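Asks: Input: one structure, supplied below.
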2 protein chains.
Amino acid sequence: MFSALANPVRRQLLDSLREGPRAVSDLAGQFSLSRPSISEHLQVLRGAGLVREEPRGRHRYYHLEPQPLAEVGQWLHPYEHFWRERLRSLRDVLDEEFS
Amino acid sequence: MFSALANPVRRQLLDSLREGPRAVSDLAGQFSLSRPSISEHLQVLRGAGLVREEPRGRHRYYHLEPQPLAEVGQWLHPYEHFWRERLRSLRDVLDEEFS
DNA sequence: GCAACGCGTCGGGAAAAGTTGACGCGTCGG
DNA sequence: CCGACGCGTCAACTTTTCCCGACGCGTTGC
């Protein structure tokens with residue numbers, strides 16, 4: 001899951017798919033990468049359950065499938081508490097400094 | 001940032017550091033990895049700003065520094081909307097199915 | 001039909017990541 | 001002062017990731 005998101009190209013692919021389903025060549029147009037590379041990135045995303053493919057004629061539309069990202073949110077959750085804590089204490093310091 | 005979290009060992013290191021600062025050998029004990037490996041993983045985390053080192057005597061305590069994780073939260077945020085949407089519609093289907 | 005198109009996949013090469021033993025440096029305890 | 005300890009770093013190796021050209025297969029349009 002995390003390793004699927006480790007690559008910036010794959011994250012950008014997901015970002016693009018937020019606006020709706022897209023065909024491979026269409027997606028590949030955004031990058032200075034060969035089409036096979038994009039195809040393989042999409043396979044990785046599919047392996048993580050983050051996209052779904054819908055073959056339509058000779059095109060193949062990829063759909064965003066965001067549920068697995070909830071797992072990332074779960075991992076992140078205990079830390080959210082921590083960094084909010086941090087920001088709060090920072091704010092307190094600043095309050096004291098400039099009050 | 002994401003690539004720093006891509007490795008399961010590094011995520012587990014962060015998890016351990018949630019409970020408080022720890023020395024390297026102490027951390028290394030949890031894994032079936034050599035100590036140098038752990039050291040280098042910690043360097044990666046330090047490069048991402050996720051840990052801070054506090055040398056104390058011949059030990060070196062690593063502290064969790066969770067702020068940069070907020071960046072992950074930000075990236076995730078637009079998707080949160082999506083997967084909640086998904087769960088809601090799933091719930092609606094189930095409601096209709098079993099009501 | 002048949003040429004052009006859209007894709008997946010495979011083979012192979014390059015680059016990056018991960019792992020370890022060996023070494024060196026500072027610190028601690030006796 | 002000296003041996004043991006904790007740690008970072010380096011050199012070398014293995015594994016994984018990334019990228020592309022080449023190929024094959026089904027689809028589309030003429």
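Quick note on naming: the chains in the structure tokens go A, B, ... in the order shown, residues restart at 1 in each chain, and ligands are numbered from 1 in order of appearance.
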How close does each residue of chain D get to chain A, giving the shortest atom pair and distance in Å to one decimal for every residue with an atom at most 7 Å away, counting only C-alpha atoms (C1' of nucleotides), sorted by chain and residue number, as JSON lines?
Replies:
```
{"residue": "D:DC19", "atom": "C1'", "partner": "A:Ser37", "partner_atom": "CA", "distance": 6.4}
{"residue": "D:DC20", "atom": "C1'", "partner": "A:Ser34", "partner_atom": "CA", "distance": 7.0}
{"residue": "D:DT27", "atom": "C1'", "partner": "A:Arg58", "partner_atom": "CA", "distance": 5.0}
```
Asks: Any chance you could list, as number ranges by chain, the residues in chain A that come up alpha helix (DSSP H) when DSSP is run on the backbone?
Replies: A: 2-5, 8-17, 24-28, 35-47, 69-98
Asks: Please report, as a Markdown table, each residue of chain C lying at most 12 Å from chain B, together with the nearest pair of atoms and the separation in Å rounded to one decimal; use only C-alpha atoms (C1' of nucleotides), and order rows by chain and ascending residue number.
Replies:
```
| residue | atom | partner | partner_atom | distance |
| --- | --- | --- | --- | --- |
| C:DA16 | C1' | B:Ser3 | CA | 11.7 |
| C:DA17 | C1' | B:Asn7 | CA | 9.9 |
| C:DG18 | C1' | B:Ser37 | CA | 7.8 |
| C:DT19 | C1' | B:Ser37 | CA | 6.4 |
| C:DT20 | C1' | B:Ser34 | CA | 7.0 |
| C:DG21 | C1' | B:Pro36 | CA | 9.8 |
| C:DA22 | C1' | B:Pro36 | CA | 11.5 |
| C:DC25 | C1' | B:Arg58 | CA | 10.8 |
| C:DG26 | C1' | B:Arg58 | CA | 7.2 |
| C:DT27 | C1' | B:Arg58 | CA | 5.0 |
| C:DC28 | C1' | B:Arg58 | CA | 7.6 |
```
Asks: Mind pulling up the distance from atom C1' of D:DG21 to atom C1' of C:DG1?
Replies: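 Atom-to-atom, atom C1' of C:DG1 to atom C1' of D:DG21, that is 29.1 Å.
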Asks: Would you mind listing, for every residue of chain B within 7 Å of chain A, the two atoms forming the shortest contact and the distance between them in Å to one decimal, using only C-alpha atoms, sorted by chain and ascending residue number, as CSV?
Replies:
```
residue,atom,partner,partner_atom,distance
B:Phe2,CA,A:Ala6,CA,5.0
B:Ser3,CA,A:Ala6,CA,4.6
B:Leu5,CA,A:Phe2,CA,6.7
B:Ala6,CA,A:Ser3,CA,4.6
B:Pro66,CA,A:Trp83,CA,5.4
B:Gln67,CA,A:Trp83,CA,5.0
B:Tyr79,CA,A:Pro66,CA,6.5
B:Phe82,CA,A:Pro66,CA,6.5
B:Trp83,CA,A:Gln67,CA,5.1
```
Asks: Got a sec: who's within 7 Å of A:Pro21, counting only C-alpha atoms (C1' of nucleotides), leaving out chain neighbours fewer than 6 positions off, as a list in words?
Replies: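 So the residues in contact are Tyr61, Tyr62 and His63 of chain A.
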Asks: Write down as a PyMOL selection string the residues belonging to chain A that are assigned strand (DSSP E) by DSSP computed on the backbone.
Replies: chain A and resi 22-23+51-56+59-64
Asks: Those residues you just picked out, can you put them in a file as a compact mmCIF listing (two decimals), in the first residue's frame with N, CA, C and O atoms?
Replies:
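Produced file out.txt, reproduced below:
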```
# COMPACT_ATOMS: atom_id res chain seq x y z
N ARG A 22 -10.06 7.54 -17.06
CA ARG A 22 -9.22 7.98 -18.17
C ARG A 22 -8.58 6.77 -18.83
O ARG A 22 -8.30 5.77 -18.19
N ALA A 23 -8.31 6.91 -20.12
CA ALA A 23 -7.62 5.85 -20.84
C ALA A 23 -6.12 5.98 -20.65
O ALA A 23 -5.62 7.04 -20.25
N VAL A 51 -7.01 1.22 -8.25
CA VAL A 51 -7.69 1.52 -9.51
C VAL A 51 -8.39 0.27 -10.02
O VAL A 51 -8.07 -0.85 -9.62
N ARG A 52 -9.33 0.51 -10.90
CA ARG A 52 -10.09 -0.58 -11.51
C ARG A 52 -10.10 -0.31 -13.00
O ARG A 52 -10.15 0.84 -13.43
N GLU A 53 -10.05 -1.38 -13.82
CA GLU A 53 -10.01 -1.16 -15.26
C GLU A 53 -11.33 -1.54 -15.90
O GLU A 53 -11.95 -2.54 -15.53
N GLU A 54 -11.72 -0.72 -16.84
CA GLU A 54 -12.95 -0.99 -17.57
C GLU A 54 -12.62 -0.97 -19.07
O GLU A 54 -12.50 0.10 -19.66
N PRO A 55 -12.46 -2.16 -19.66
CA PRO A 55 -12.15 -2.21 -21.09
C PRO A 55 -13.38 -1.77 -21.87
O PRO A 55 -14.49 -2.24 -21.60
N ARG A 56 -13.15 -0.86 -22.78
CA ARG A 56 -14.26 -0.43 -23.62
C ARG A 56 -13.70 -0.26 -25.03
O ARG A 56 -12.95 0.68 -25.29
N HIS A 59 -9.98 0.87 -26.11
CA HIS A 59 -9.50 1.68 -24.98
C HIS A 59 -9.70 0.93 -23.68
O HIS A 59 -10.52 0.01 -23.60
N ARG A 60 -8.97 1.36 -22.68
CA ARG A 60 -9.13 0.75 -21.37
C ARG A 60 -9.16 1.87 -20.34
O ARG A 60 -8.15 2.50 -20.06
N TYR A 61 -10.33 2.08 -19.79
CA TYR A 61 -10.50 3.19 -18.86
C TYR A 61 -10.17 2.75 -17.45
O TYR A 61 -10.63 1.72 -16.98
N TYR A 62 -9.38 3.57 -16.78
CA TYR A 62 -9.03 3.29 -15.39
C TYR A 62 -9.84 4.18 -14.47
O TYR A 62 -9.95 5.38 -14.69
N HIS A 63 -10.39 3.55 -13.44
CA HIS A 63 -11.21 4.27 -12.46
C HIS A 63 -10.47 4.33 -11.12
O HIS A 63 -9.83 3.36 -10.73
N LEU A 64 -10.63 5.41 -10.42
CA LEU A 64 -10.09 5.53 -9.07
C LEU A 64 -10.91 4.66 -8.11
O LEU A 64 -12.14 4.61 -8.19
```
